[in-house]
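Below: start01.txt (compact mmCIF, C-alpha atoms)
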```
# COMPACT_ATOMS: atom_id res chain seq x y z
CA MET A 1 85.02 101.97 97.87
CA PRO A 2 84.08 98.48 99.06
CA GLY A 3 86.98 96.08 99.15
CA SER A 4 89.65 98.70 98.59
CA PRO A 5 93.07 97.22 99.48
CA HIS A 6 94.08 100.59 100.85
CA LEU A 7 91.28 100.73 103.38
CA GLY A 8 91.23 97.16 104.62
CA ARG A 9 87.46 96.83 104.36
CA THR A 10 84.53 99.17 103.92
CA LEU A 11 81.65 97.77 105.92
CA ARG A 12 78.87 99.72 104.27
CA GLY A 13 79.27 100.82 100.66
CA VAL A 14 78.81 104.53 100.00
CA THR A 15 79.02 105.98 96.52
CA THR A 16 78.07 109.62 96.95
CA MET A 17 79.48 112.40 99.08
CA ARG A 18 77.17 113.32 101.96
CA GLN A 19 77.49 116.40 104.10
CA VAL A 20 77.17 114.68 107.46
CA PRO A 21 79.53 114.69 110.44
CA LEU A 22 82.31 112.13 110.62
CA LEU A 23 83.21 110.34 113.85
CA MET A 24 86.50 108.46 113.75
CA ILE A 25 87.11 106.14 116.65
CA ASP A 26 89.93 103.91 117.86
CA LEU A 27 89.38 100.19 118.49
CA ASP A 28 91.71 98.84 121.20
CA ASN A 29 91.08 100.24 124.69
CA THR A 30 88.47 102.55 123.23
CA LEU A 31 85.61 100.64 121.63
CA VAL A 32 86.79 97.44 123.31
CA ASP A 33 88.67 96.90 126.56
CA ARG A 34 91.80 95.29 125.19
CA ALA A 35 93.62 95.56 128.53
CA ALA A 36 90.99 93.45 130.30
CA ALA A 37 90.96 90.90 127.47
CA PHE A 38 94.74 90.55 127.51
CA LEU A 39 94.73 90.10 131.27
CA ALA A 40 92.14 87.32 130.97
CA TRP A 41 94.20 85.65 128.23
CA ALA A 42 97.39 85.97 130.31
CA GLU A 43 95.71 84.38 133.33
CA ALA A 44 94.49 81.44 131.23
CA PHE A 45 97.88 81.02 129.57
CA CYS A 46 99.73 81.01 132.87
CA ARG A 47 97.30 78.53 134.45
CA ASP A 48 97.95 76.14 131.56
CA HIS A 49 101.71 76.60 131.14
CA VAL A 50 103.31 78.02 134.28
CA PRO A 51 100.86 77.47 137.16
CA ASP A 52 103.58 77.71 139.81
CA ASP A 53 105.01 81.03 138.61
CA GLU A 54 103.29 83.61 140.82
CA GLY A 55 104.71 86.57 138.92
CA ALA A 56 103.92 85.26 135.45
CA VAL A 57 100.69 87.16 134.83
CA ALA A 58 102.08 90.49 136.00
CA TRP A 59 105.19 89.95 133.89
CA LEU A 60 103.13 89.24 130.76
CA VAL A 61 100.95 92.32 131.25
CA GLU A 62 103.99 94.54 131.70
CA ALA A 63 105.84 92.96 128.76
CA ASP A 64 102.78 93.45 126.54
CA ALA A 65 102.97 97.23 127.11
CA ASP A 66 99.29 97.73 126.36
CA GLY A 67 99.71 95.98 123.02
CA TYR A 68 102.57 98.13 121.75
CA THR A 69 105.21 95.40 122.00
CA PRO A 70 105.41 93.60 118.64
CA ARG A 71 103.82 90.16 118.91
CA ASP A 72 106.87 88.28 117.61
CA ARG A 73 109.13 90.01 120.13
CA LEU A 74 106.74 89.31 123.00
CA ALA A 75 106.43 85.66 121.97
CA GLN A 76 110.21 85.32 121.93
CA THR A 77 110.72 86.90 125.35
CA ALA A 78 107.79 84.94 126.84
CA ARG A 79 109.15 81.66 125.49
CA ASP A 80 112.53 82.43 127.05
CA ARG A 81 111.04 83.74 130.31
CA PHE A 82 108.89 80.65 130.82
CA ARG A 83 111.40 78.20 129.33
CA LEU A 84 108.92 76.85 126.81
CA ALA A 85 109.89 74.36 124.12
CA PRO A 86 111.54 75.93 121.04
CA ASN A 87 108.62 74.86 118.85
CA ALA A 88 106.20 76.78 121.08
CA TYR A 89 107.16 80.09 119.45
CA ALA A 90 104.89 79.91 116.39
CA GLY A 91 101.85 78.89 118.39
CA LEU A 92 102.49 81.63 120.93
CA VAL A 93 102.71 84.28 118.21
CA ASN A 94 99.40 83.13 116.74
CA ASP A 95 97.79 83.09 120.17
CA LEU A 96 99.03 86.57 120.96
CA ARG A 97 97.69 87.86 117.66
CA GLY A 98 94.33 86.15 117.71
CA GLY A 99 93.63 84.29 120.91
CA MET A 100 93.25 87.41 123.02
CA ALA A 101 90.26 88.45 120.90
CA ASP A 102 88.26 85.54 122.32
CA TYR A 103 88.26 87.31 125.68
CA LEU A 104 86.90 90.62 124.41
CA GLU A 105 83.59 91.75 125.85
CA LEU A 106 81.72 94.63 124.26
CA ASP A 107 79.89 96.96 126.63
CA PRO A 108 76.28 97.23 125.37
CA ARG A 109 76.34 100.92 126.29
CA VAL A 110 78.97 101.43 123.59
CA ILE A 111 76.63 99.87 121.01
CA ASP A 112 73.82 102.15 122.20
CA ALA A 113 76.06 105.21 121.84
CA LEU A 114 77.15 104.19 118.33
CA ARG A 115 73.56 103.69 117.28
CA ARG A 116 72.55 107.07 118.69
CA ALA A 117 75.35 108.71 116.75
CA ARG A 118 74.43 107.07 113.46
CA THR A 119 70.74 107.73 113.97
CA ALA A 120 71.62 111.40 114.45
CA GLY A 121 73.38 111.37 111.07
CA TRP A 122 77.01 110.73 111.98
CA ALA A 123 79.15 108.48 109.81
CA VAL A 124 81.27 106.27 112.09
CA VAL A 125 84.64 104.92 110.96
CA ILE A 126 87.02 102.85 113.07
CA VAL A 127 90.65 103.92 112.61
CA THR A 128 93.05 101.40 114.11
CA ASN A 129 96.70 100.46 113.99
CA GLY A 130 97.34 96.74 113.66
CA THR A 131 97.01 93.86 111.23
CA VAL A 132 93.92 93.37 109.10
CA GLU A 133 93.33 89.78 110.21
CA GLN A 134 93.69 90.58 113.89
CA GLN A 135 91.55 93.73 113.93
CA HIS A 136 88.79 92.39 111.70
CA ARG A 137 88.52 89.30 113.88
CA LYS A 138 87.85 91.57 116.85
CA LEU A 139 85.12 93.36 114.91
CA GLN A 140 83.46 90.11 113.91
CA LEU A 141 83.63 88.51 117.36
CA THR A 142 82.17 91.57 119.07
CA GLY A 143 79.63 92.45 116.39
CA LEU A 144 81.14 95.88 115.86
CA ASP A 145 81.34 95.25 112.13
CA ALA A 146 77.56 95.76 111.96
CA GLU A 147 77.62 98.96 114.02
CA VAL A 148 79.98 101.19 111.99
CA ASP A 149 80.21 102.50 108.44
CA ALA A 150 83.79 101.50 107.72
CA CYS A 151 87.06 100.38 109.22
CA VAL A 152 90.55 101.51 108.24
CA VAL A 153 93.41 99.30 109.43
CA SER A 154 96.98 100.56 109.29
CA GLU A 155 98.38 97.38 107.73
CA ALA A 156 96.09 97.72 104.71
CA ALA A 157 96.34 101.49 104.58
CA GLY A 158 100.13 101.44 104.58
CA VAL A 159 100.27 104.22 107.19
CA LYS A 160 99.73 104.33 110.93
CA LYS A 161 98.19 106.83 113.30
CA PRO A 162 99.10 109.63 113.84
CA SER A 163 99.91 110.01 110.13
CA PRO A 164 97.42 112.42 108.48
CA GLU A 165 96.99 110.03 105.57
CA ILE A 166 95.18 107.39 107.61
CA PHE A 167 92.57 109.90 108.76
CA GLN A 168 92.13 111.13 105.20
CA LEU A 169 91.61 107.52 104.10
CA ALA A 170 89.05 107.11 106.87
CA ALA A 171 87.06 110.06 105.55
CA ARG A 172 87.15 108.72 102.02
CA SER A 173 86.09 105.25 103.18
CA ALA A 174 82.76 106.73 104.24
CA ALA A 175 82.64 109.22 101.35
CA GLU A 176 83.00 112.11 103.77
CA THR A 177 85.40 114.98 104.35
CA LEU A 178 87.30 115.83 107.52
CA LYS A 179 85.38 119.09 107.92
CA GLY A 180 83.76 119.01 111.36
CA ALA A 181 85.16 115.54 112.09
CA TRP A 182 85.98 114.25 115.58
CA MET A 183 88.48 111.61 116.70
CA VAL A 184 87.94 109.47 119.80
CA GLY A 185 90.73 107.37 121.29
CA ASP A 186 92.86 106.48 124.30
CA SER A 187 96.30 107.14 122.82
CA ALA A 188 97.65 110.65 123.24
CA ARG A 189 100.37 110.21 120.63
CA ALA A 190 98.38 108.26 118.04
CA ASP A 191 94.78 109.42 118.34
CA ILE A 192 94.89 112.87 119.86
CA ALA A 193 98.13 113.98 118.18
CA GLY A 194 96.75 112.76 114.87
CA ALA A 195 93.61 114.84 115.33
CA HIS A 196 95.63 117.84 116.47
CA ASN A 197 97.88 117.70 113.39
CA LEU A 198 94.78 118.02 111.20
CA SER A 199 93.10 120.65 113.43
CA LEU A 200 90.31 118.21 114.29
CA HIS A 201 88.35 118.00 117.52
CA SER A 202 89.08 115.03 119.75
CA VAL A 203 88.00 113.16 122.87
CA TRP A 204 90.60 111.36 124.94
CA LEU A 205 89.75 108.33 127.09
CA HIS A 206 92.00 108.99 130.04
CA ARG A 207 91.72 105.49 131.60
CA GLY A 208 92.74 107.02 134.91
CA ARG A 209 95.89 108.61 133.49
CA PRO A 210 96.90 112.27 133.65
CA TRP A 211 97.49 114.21 130.46
CA LEU A 212 101.27 114.57 130.11
CA GLU A 213 101.79 115.85 126.58
CA GLU A 214 102.89 119.41 125.97
CA GLY A 215 101.99 121.47 122.94
CA PHE A 216 98.61 119.89 122.26
CA ALA A 217 95.61 118.62 124.18
CA PRO A 218 92.27 116.93 123.49
CA THR A 219 89.12 118.97 123.05
CA ARG A 220 87.40 116.85 125.69
CA LYS A 221 88.30 114.08 128.13
CA ALA A 222 86.08 111.10 128.93
CA ASP A 223 85.83 108.38 131.56
CA ASN A 224 84.59 105.73 129.12
CA CYS A 225 83.81 105.12 125.47
CA GLN A 226 80.07 105.75 125.76
CA GLN A 227 80.72 109.14 127.30
CA ALA A 228 83.35 109.93 124.66
CA ILE A 229 80.99 109.18 121.79
CA ASP A 230 78.23 111.25 123.37
CA LEU A 231 80.61 114.17 123.93
CA ALA A 232 81.80 114.11 120.34
CA THR A 233 78.35 113.83 118.79
CA ALA A 234 76.42 116.17 121.11
CA PRO A 235 74.26 118.72 119.23
CA ARG A 236 75.96 122.08 118.91
CA PRO A 237 74.74 125.54 117.94
CA VAL A 238 75.07 126.22 114.22
```
Starting from the file, give its structure as structure tokens.
Amino acid sequence: MPGSPHLGRTLRGVTTMRQVPLLMIDLDNTLVDRAAAFLAWAEAFCRDHVPDDEGAVAWLVEADADGYTPRDRLAQTARDRFRLAPNAYAGLVNDLRGGMADYLELDPRVIDALRRARTAGWAVVIVTNGTVEQQHRKLQLTGLDAEVDACVVSEAAGVKKPSPEIFQLAARSAAETLKGAWMVGDSARADIAGAHNLSLHSVWLHRGRPWLEEGFAPTRKADNCQQAIDLATAPRPV
């Protein structure tokens, strides 16, 4: 379904149903290290705007909340915190939405793992919450758009993880079913809960954090994205 407004963008057109495994994978802090990119952006921003504020970078990182703070709210609080000019708000919102992507660095081992998975017959679909413009820019800048079969973005889909509908859309975007599918991601409540609600297997990137949720748990845990992909796509007895 290339160009479907419900899916955001299908990166490789597929017109027939294929019985191959489906790997769904999160973008931020899974395929790409968003935390490191935001830190680099914050350091550059503070050097340019508040060089004498020693706590500025730490404040921005905490206020960002790993990307979960809405960009307009963060821009407003940052403008007030740093006493920026009133007209700085719009530019700060745009920078928070797009500028951080310029600092993303894609680990080549992740590309290798994706290519191994697809060579082995897996269809790979990115499932990400966020805006279409912001998330697609990340794919283009990192080259991930050439390494996956499709991408489903919540803004275009009209639903967010962990809603079952976004995972069902992801399967349809690659002309697959959810039978035997795996989900890889760093968010317990979005990625792993979403997989659990559909009785799917999952791999959680722990990022040094303990598992705190009760009532559900990932199938596997991983130290990094490469390992997570390899765990999900490892050959298994029929």
Report as CSV: every residue of region 109-208 of chain A with an atom at most 9 Å from region 94-104 of chain A, its closest pair of atoms, and their distance in Å to one decimal, counting all atoms listed in the file, with rows sorted by chain and ascending residue number.
```
residue,atom,partner,partner_atom,distance
A:Thr131,CA,A:Arg97,CA,8.8
A:Glu133,CA,A:Gly98,CA,8.4
A:Gln134,CA,A:Gly98,CA,5.9
A:Gln135,CA,A:Ala101,CA,8.8
A:Arg137,CA,A:Ala101,CA,7.3
A:Lys138,CA,A:Ala101,CA,5.7
A:Leu141,CA,A:Asp102,CA,7.4
A:Thr142,CA,A:Leu104,CA,7.2
```
Go ahead and dump the residues you just picked, C-alpha atoms, as a compact mmCIF listing (two decimals), in the frame of the given file.
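Listed below is the output, result-v4.txt:
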```txt
# COMPACT_ATOMS: atom_id res chain seq x y z
CA THR A 131 97.01 93.86 111.23
CA GLU A 133 93.33 89.78 110.21
CA GLN A 134 93.69 90.58 113.89
CA GLN A 135 91.55 93.73 113.93
CA ARG A 137 88.52 89.30 113.88
CA LYS A 138 87.85 91.57 116.85
CA LEU A 141 83.63 88.51 117.36
CA THR A 142 82.17 91.57 119.07
```
message: Taking 2 positions as the minimum chain separation for residues in the same chain, which residues sit within 10 Å of Leu39 (chain A) when counting all atoms listed in the file? Answer as a ChimeraX atom specification.
response: /A:34-37,41-45,57-58,60-61,64,100,103
message: Let me make sure I understand: among A:Ser199, A:Gln227, A:Gln140, A:Asn129, which one has the smallest atom-to-atom distance to Leu178 (chain A) if we use all atoms listed in the file?
response: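 Closest to Leu178 (chain A) of all the choices is A:Ser199.
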Would you tabulate, counting only C-alpha atoms, all residues of region 74-145 of chain A that have an atom at most 9 Å from an atom of region 158-175 of chain A, showing the closest pair of atoms and their distance in Å to one decimal, sorted by chain then ascending number, as JSON lines?
```
{"residue": "A:Ala123", "atom": "CA", "partner": "A:Ala174", "partner_atom": "CA", "distance": 6.9}
{"residue": "A:Val124", "atom": "CA", "partner": "A:Ala174", "partner_atom": "CA", "distance": 8.0}
{"residue": "A:Val125", "atom": "CA", "partner": "A:Ala170", "partner_atom": "CA", "distance": 6.4}
{"residue": "A:Ile126", "atom": "CA", "partner": "A:Ala170", "partner_atom": "CA", "distance": 7.8}
{"residue": "A:Val127", "atom": "CA", "partner": "A:Ala170", "partner_atom": "CA", "distance": 6.8}
{"residue": "A:Thr128", "atom": "CA", "partner": "A:Lys161", "partner_atom": "CA", "distance": 7.5}
{"residue": "A:Asn129", "atom": "CA", "partner": "A:Lys160", "partner_atom": "CA", "distance": 5.8}
{"residue": "A:Gly130", "atom": "CA", "partner": "A:Lys160", "partner_atom": "CA", "distance": 8.4}
```
Shell of 12 Å around Asp230 (chain A), only C-alpha atoms, local chain residues under 3 positions omitted, as a ChimeraX atom specification: /A:23,109-118,120,122,182,184,203,220-227,233-236
Need to verify the contact set: Leu84 (chain A), 12 Å, only C-alpha atoms, exclusion of same-chain residues closer than 5 positions in sequence. Can you return it as a PDB file with C-alpha atoms, in the coordinates of the input?
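Dumped to result-v9.pdb:
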```
ATOM      1  CA  CYS A  46      99.730  81.010 132.870  1.00  0.00           C
ATOM      2  CA  ASP A  48      97.950  76.140 131.560  1.00  0.00           C
ATOM      3  CA  HIS A  49     101.710  76.600 131.140  1.00  0.00           C
ATOM      4  CA  VAL A  50     103.310  78.020 134.280  1.00  0.00           C
ATOM      5  CA  ALA A  75     106.430  85.660 121.970  1.00  0.00           C
ATOM      6  CA  GLN A  76     110.210  85.320 121.930  1.00  0.00           C
ATOM      7  CA  THR A  77     110.720  86.900 125.350  1.00  0.00           C
ATOM      8  CA  ALA A  78     107.790  84.940 126.840  1.00  0.00           C
ATOM      9  CA  ARG A  79     109.150  81.660 125.490  1.00  0.00           C
ATOM     10  CA  TYR A  89     107.160  80.090 119.450  1.00  0.00           C
ATOM     11  CA  ALA A  90     104.890  79.910 116.390  1.00  0.00           C
ATOM     12  CA  GLY A  91     101.850  78.890 118.390  1.00  0.00           C
ATOM     13  CA  LEU A  92     102.490  81.630 120.930  1.00  0.00           C
TER      14      LEU A  92
END
```
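For the residues A:Ala217, A:Ile25, A:Ala181, A:Ala63, ranking by smallest atom-to-atom distance to His196 (chain A) using all atoms listed in the file places A:Ala217 first.
Proximity to Gly55 (chain A) was assessed for A:His206, A:Arg189, A:Arg81, A:His201 counting only C-alpha atoms; the smallest distance is recorded for A:Arg81.
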- prompt: A:Val153, A:Ala190, A:Met183, A:Ala40: which is nearest Thr219 (chain A), counting all atoms listed in the file?
  reply: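 The answer is A:Met183, which sits nearest to Thr219 (chain A).
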task: Check the smallest atom-to-atom distance from each of A:Phe216, A:Ala195, A:Arg207, A:Pro108 to Glu147 (chain A) using all atoms listed in the file, then report the winner.
output: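 Nearest candidate to Glu147 (chain A) out of A:Phe216, A:Ala195, A:Arg207, A:Pro108: A:Pro108.
Computed from the coordinates, the CA of Met24 (chain A) to CA of Leu74 (chain A) distance equals 29.4 Å.
The spacing separating CA of Thr69 (chain A) from CA of Ser154 (chain A) amounts to 16.0 Å.
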field: A:Ala88, A:Leu212, A:Val93, A:Ala232 ranked by distance to Leu200 (chain A), top pick (using all atoms listed in the file)
entry: A:Ala232
Around region 97-103 of chain A, with edges along x, y and z and 3 Å added on all six sides, what centre and edge lengths do you get, in Å to one decimal, as JSON?
```
{"center_x": 93.0, "center_y": 86.4, "center_z": 121.7, "size_x": 15.4, "size_y": 10.2, "size_z": 14.0}
```
field: Point-to-point distance from CA of Ala150 (chain A) to CA of Ile192 (chain A), Å rounded to tenths
entry: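 Computing the Euclidean distance for CA of Ala150 (chain A) and CA of Ile192 (chain A) yields 20.0 Å.
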